[in-house]
Each structure stands twice: as C-alpha cells, then as structure tokens.
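Just below is one structure, and these are the notes that go with it.
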Amino acid sequence: MNYHRSVEDIKITKRDRLFLFVVVTVNLIIKVIPSRILELSNDEVYYWTYAMFPDWSHFDHPPMLGWVIQLFSLNLKFESELAIRAGALILSSASIIILFNLVKRLYSRKAAYFSVVMYVSSIYFNIISGLFILPDAPLIFFTLLALYYLLPSVTVNNPGRKDHFNILMFGFFAGLAFLSKYNSLFLWFGVGLYILFRNRIWLKKPSLYLSLLVTLLLSVPVIYWNIKNEFISFTFHGDRVSLFTNPVNLSYFATFNLGQFAYHNPVLFVIYAIALYRMLRRKKQKISELNSLLLFLGLPLILVFTFFSLFRNTLPHWTGPAFTCLIILSSEYLAEIYNKKKRVLIRSLSAAAVIYILVLAIGTLQINTGIIGFKPDPKQVYPGENDVTLDMYGWRQTGNKFAEFLIREGLSEKDRQHVAIVSNKWYPAAHLDYYVAHPLGIKLLAFGSIDRIHKYYWINKTRELDATDRIYYVTDSRNYHGPEDFASYCSEIIPKDTLTIEREGRIAKYVYIYSLVDFERDSY
C-alpha cells in the first residue's frame with residue numbers, strides 16, 4: 001500500500017513539475033519579446049540610475065531594485081532593455097513556483113493550479129511587476145517568500161520548533177520586502193492585527209519579537225541613509241498621501257478603483273470579489289484561521305489606500321501586494337466550486353488569460369507602431385503630447401539623431417567630453433541620460449528643486465560642468481517644457497535644431513535642442 005502511494009506521489013510530483021515548467025517557460029518566452037523590443041518607460045529608465053549610482057537608499061524608494069538590476073545585468077555589463085528588465089522576468093518566474101507550492105501546501109493541488117493561472121493572467125503580477133523593472137518586482141517576490149513561511153506557522157495554537165524558525169524566516173523576507181518598497185510594512189501590520197484578534201498566544205513567544213528585530217535590522221540601510229538626508233524619503237511619501245489639506249475628490253477615487261479593476265484583470269477582479277463576498281458572509285467562527293490571517297494581511301492595505309484615494313491622486317499598483325492574499329483565498333474558493341461549475345470556471349479563466357495576452361500584444365504593437373490611430377486633439381499644441389505610448393518610444397532615435405546633430409555642430413567623438421545636456425525634471429532627464437548622454441559619453445545634469453529632479457540631486461554631485469563645456473537643453477513635444485527656467489542663468493538661449501522622431505513612417509514627435517550660452521555653472 002505504501003509502495004503504491006509513493007509511486008502515485010512521484011507521478012503527481014512529476015506532473016506538477018511539468019506543469020510549472022511549461023507555464024514558466026512559455027510565459028517567460030512570451031514576455032522576453034516585449035522586454036527586448038520596448039524602450040524603457042519613464043520609471044524604469046529612472047530606476048536604471050539606482051544601479052548606475054548605488055546607495056544605501058534613494059529619494060523615492062529603498063535600495064533593493066538597484067541591487068536587483070546590478071545583479072541580473074552583471075553590474076551593468078549588459079545594459080540593453082532586456083538586461084535591465086531581466087530581474088523582473090526571473091523573479092516573477094520564481095514567484096510562480098513559490099505561489100504554486102505555497103497554495104498546494106495550504107489547500108490542494110487543484111487550488112495551486114488555479115492560483116498559477118490567476119497569477120499569470122494578472123496585468124499587475126505578470127506585466128507591471130513581472131516584466132517592467134519596478135520596485136514591485138522584488139516586492140512581490142519577497143512578499144510571497146514571507147507568506148510561504150508565515151501562513152502555515154502563525155496560525156497554529158501550539159507552535160513547535162519549525163514554526164518558530166518559520167516566523168524568523170518571515171521576518172527576514174519581510175525585511176527584504178521593506179528594502180524593496182515601503183508598503184511592505186503592511187505585512188507586519190496584518191500579522192499584528194491577526195495575533196491581537198485571533199491568536200494572542202504568539203505574544204508570549206520570543207520568536208515573534210526576534211522576527212520583528214530581524215526586519216528592523218534589515219531596514220538599517222534605509223534608516224541610515226534617511227538620517228543622513230533629513231528623512232527626505234519619508235517626508236516625500238508623506239506629502240504624497242497627506243489627506244486633510246485636500247477636499248474629497250471623487251475623480252481620484254474613481255480613477256484609483258478603475259485602475260485596480262484593470263491592473264488585476266477585470267475577470268479576476270470579479271472572482272476576487274465573489275470569493276471575498278462568499279467568505280465574509282460566513283460567521284466569524286466558520287472562517288478558518290488561515291483565511292482570517294489572509295484577510296488581515298490583505299484588506300487593510302486595500303482599505304487604507306482606497307480611503308486615501310478620496311483625497312489624493314493614489315496609484316492603483318500601491319495595493320498590489322494585498323492581491324497576493326486575494327489570489328490565495330480565491331484559489332481555495334475556485335477549487336471548492338470546480339466540480340459544480342467546471343465549464344464556467346474554465347471559460348472565465350480562459351477569458352482572463354486572453355485579456356492578458358491581448359493587453360501585452362496590443363500594448364506592444366501600439367507603442368512600437370501606433371497602429372491604432374486616434375483622432376488628434378484640437379487642443380493639442382505639440383505633436384504627440386497626449387500620446388502616452390511615446391513615453392516608451394523614440395528615445396533610441398533621439399540618441400542616434402543627437403549624435404548626427406553633434407557632427408553637424410563640428411564636434412568629434414573626442415569633443416563629447418566637453419558637451420553637457422541639462423534638464424529640469426527627472427523625466428525626461430533619465431531617458432536622455434540612458435539613451436543619449438550615457439552612450440555618447442556626454443554629461444547630463446538635472447537642475448531644479450529636489451521634488452522635480454529626485455535622485456539627480458545626488459547624481460549632479462558626481463558630474464561637474466567645465467568652463468569649456470557646450471551646454472544644451474533638450475526637450476520633446478510629448479512632454480514639452482521650454483528652456484525658460486534657465487533664462488536667468490545664461491546670456492542667451494539659441495534654438496539649435498529640431499529632431500524629427502518617426503514611427504512607421506509618420507511623425508510621432510519632435511525633439512527640440514537649445515544652446516545655453518555663457519551658462520553660469522555654479523548657479524544651481
């Protein structure tokens with residue numbers, strides 16, 4: 001009997017591994033294509049500076065993303081878009097495997113299969129944090145690892161040695177999640193609520209406090225950097241979510257919730273809502289300890305930022321980690337109703353997967369070809385100013401055409417060390433840095449208040465302007481900002497050239513180049 005069981009277990013394990021191999025491989029192949037051909041977005045190219053100029057923390061976020069980019073690009077030995085995004089691709093693939101094994105251990109194989117299908121069909125998990133190189137990429141990876149150790153252990157009433165070890169591991173991965181993004185603090189907030197309301201026995205366990213200490217120790221780099229810089233990261237994010245200086249704005253609220261609906265795939269969002277509704281209809285005593293913990297971990301983050309969205313412009317992906325809990329909860333629900341509603345579930349999840357594929361395919365095509373033509377806005381002053389897809393298009397052309405412009409200016413490759421580009425905001429400064437200045441060996445500096453130039457406040461200190469430098473101001477028609485900010489710091493502003501950026505043979509936008517004559521280099 002035991003022999004037959006072991007043989008069957010081996011067969012099941014092989015099937016599970018084959019399933020994961022196929023899903024991870026196919027999904028990776030699908031995402032490699034846009035990762036290679038799409039230019040970096042405003043945020044992605046800005047985070048490249050985290051790897052170029054590593055530090056214990058950064059103005060906007062903790063240091064983890066910079067370390068991830070350094071690791072997977074071999075410390076920027078490879079600097080293509082694919083190399084910069086490699087960390088997101090690999091970490092999201094690993095996240096699929098972690099999620100499958102976690103849900104299989106918590107619920108069942110069937111639930112694990114459903115969890116993986118939901119994960120790869122999610123725009124947020126598989127594109128925003130699984131293709132683009134954003135802080136959410138390591139955040140979700142470490143969040144899932146934290147849950148992997150937390151969920152089976154903190155819910156027990158008589159914890160053993162393994163449970164105490166798991167709680168320590170939770171603290172370790174929660175700390176790494178904090179080094180990725182600040183909203184990971186809701187992991188500890190959720191654990192605290194669960195322990196206070198459902199399982200106070202952990203308040204007597206030293207391992208809980210040791211785990212918290214591990215998280216705090218891992219946060220030391222961020223705290224250290226902020227002490228050196230007057231806690232500027234926390235004041236910046238505090239200003240982003242301050243409430244009482246603003247009236248209720250239903251437009252912000254609607255945009256935030258519609259964004260969540262779209263980011264997490266409309267089909268999946270409905271599944272999450274139904275699963276939550278069915279669970280919350282039960283009496284308190286009928287909700288398992290595990291599901292109670294998942295609710296405490298997930299709902300506070302969603303509720304807090306939903307409340308913020310009534311007053312401030314709140315970004316939909318800020319609640320992303322909470323949806324890991326909703327996927328896990330929903331996978332149990334789908335496994336329970338599968339036999340009764342098999343056809344409906346297959347159709348629904350197939351529709352979710354199709355939506356994901358369409359978003360990825362159409363989005364990639366639209367960015368690179370502008371295949372869907374939109375009627376020009378009569379209020380549009382500059383070509384492409386209302387086309388958000390141009391944030392990820394035309395920068396390679398800009399770099400090539402700027403090199404041609406320098407030749408027309410009579411500047412050789414040797415002369416480029418005496419050329420500088422200045423900008424007045426972190427975007428397009430980072431795009432100009434990555435696609436123009438860095439490849440051509442030109443200095444780039446961003447001048448302005450710290451809330452406009454962000455990390456460039458520190459980058460500027462590593463790049464000095466010489467008296468012999470030719471200084472150019474560059475802007476484009478997508479996000480046009482004239483050179484007026486520099487008017488009082490130079491004797492003359494001369495329009496030098498207009499570069500035409502084309503997409504599929506049509507003018508997509510213009511790039512404007514100005515020469516700043518007698519620029520006062522010590523003015524900023």
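We name chains A, B, ... following the order of the structure tokens; residues begin at 1 in each chain, and ligands are numbered from 1 as shown.
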>> Taking the DSSP secondary structure from the backbone, can you list the residues of range 92-328 of chain A that are alpha helix (DSSP H), as a ChimeraX atom specification?
In response: /A:92-106,109-121,123,136-154,161-178,186-198,206-218,220-228,232-241,250-263,266-281,289-308,322-328
>> From a backbone DSSP assignment, name each residue in range 379-450 of chain A labelled strand (DSSP E or B), as a PyMOL selection string.
In response: chain A and resi 419-423+443-446
Keeping only C-alpha atoms, take the residues you just selected and write them out as a PDB file, in the first residue's frame.
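What ended up in part-v4.pdb:
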```pdb
ATOM      1  CA  VAL A 419      29.422  68.546 -24.061  1.00  0.00           C
ATOM      2  CA  ALA A 420      26.669  68.549 -21.454  1.00  0.00           C
ATOM      3  CA  ILE A 421      22.899  68.185 -21.583  1.00  0.00           C
ATOM      4  CA  VAL A 422      20.778  69.817 -18.895  1.00  0.00           C
ATOM      5  CA  SER A 423      17.200  69.052 -17.951  1.00  0.00           C
ATOM      6  CA  LYS A 443      27.434  64.567 -19.140  1.00  0.00           C
ATOM      7  CA  LEU A 444      23.810  65.035 -18.103  1.00  0.00           C
ATOM      8  CA  LEU A 445      22.644  67.126 -15.155  1.00  0.00           C
ATOM      9  CA  ALA A 446      19.160  67.898 -13.949  1.00  0.00           C
TER      10      ALA A 446
END
```
>> Just want the 6 Å neighbourhood of range 24-40 of chain A, counted on only C-alpha atoms, with same-chain residues fewer than 4 positions away dropped. Output as an NGL selection string.
In response: :A and (20 or 44-45 or 81-82 or 93 or 392)
Closest atom pairs, residues of range 317-436 of chain A within 8 Å of range 98-107 of chain A, only C-alpha atoms, as JSON lines:
```
{"residue": "A:Ile328", "atom": "CA", "partner": "A:Val103", "partner_atom": "CA", "distance": 6.5}
{"residue": "A:Ser331", "atom": "CA", "partner": "A:Val103", "partner_atom": "CA", "distance": 7.9}
{"residue": "A:Glu332", "atom": "CA", "partner": "A:Tyr107", "partner_atom": "CA", "distance": 6.4}
```
Could the residues in this selection be saved with N, CA and C atoms as a PDB file, in the first residue's frame?
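New file part-v1.pdb:
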```pdb
ATOM      1  N   ILE A 328      -4.610  33.789  -3.253  1.00  0.00           N
ATOM      2  CA  ILE A 328      -4.578  32.571  -2.439  1.00  0.00           C
ATOM      3  C   ILE A 328      -5.971  32.225  -1.938  1.00  0.00           C
ATOM      4  N   SER A 331      -8.160  31.003  -4.818  1.00  0.00           N
ATOM      5  CA  SER A 331      -7.812  29.678  -5.330  1.00  0.00           C
ATOM      6  C   SER A 331      -8.541  28.591  -4.548  1.00  0.00           C
ATOM      7  N   GLU A 332      -8.683  28.788  -3.240  1.00  0.00           N
ATOM      8  CA  GLU A 332      -9.441  27.821  -2.434  1.00  0.00           C
ATOM      9  C   GLU A 332     -10.905  27.813  -2.865  1.00  0.00           C
TER      10      GLU A 332
END
```
> Counting only C-alpha atoms, which of A:Arg109, A:Ile96, A:Val222, A:Ala51 gets nearest to Glu79 in chain A?
Replying inline: A:Ala51
> Excluding same-chain residues fewer than 3 positions from Gly482 in chain A, what lies within 12 Å of it counting only C-alpha atoms, as number ranges by chain?
Replying inline: A: 382, 423-425, 473-477, 479, 485-487, 493-495, 511-514
> CA of Asp497 in chain A to CA of Lys414 in chain A: how many Å, to one decimal?
Replying inline: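 Value for the CA of Asp497 in chain A-CA of Lys414 in chain A distance: 21.6 Å.
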> If we count only C-alpha atoms, what is near range 231-234 of chain A at a cut-off of 8 Å, once residues fewer than 4 positions away on the same chain are taken out, given as a VMD selection string?
Replying inline: chain A and resid 58 to 61 223 225 to 227 238
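Picture a line from CA of Tyr427 in chain A to CA of Phe261 in chain A; it runs 27.6 Å.
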>> If we count only C-alpha atoms and set the cut-off at 9 Å, which residues sit around Ala86 in chain A, ignoring sequence neighbours fewer than 6 positions away in its own chain? Please answer as a list in words.
In response: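 Those residues are Val32, Ser35, Val68, Ile69, Phe72, Ser73, Leu131 and Ile133 of chain A.
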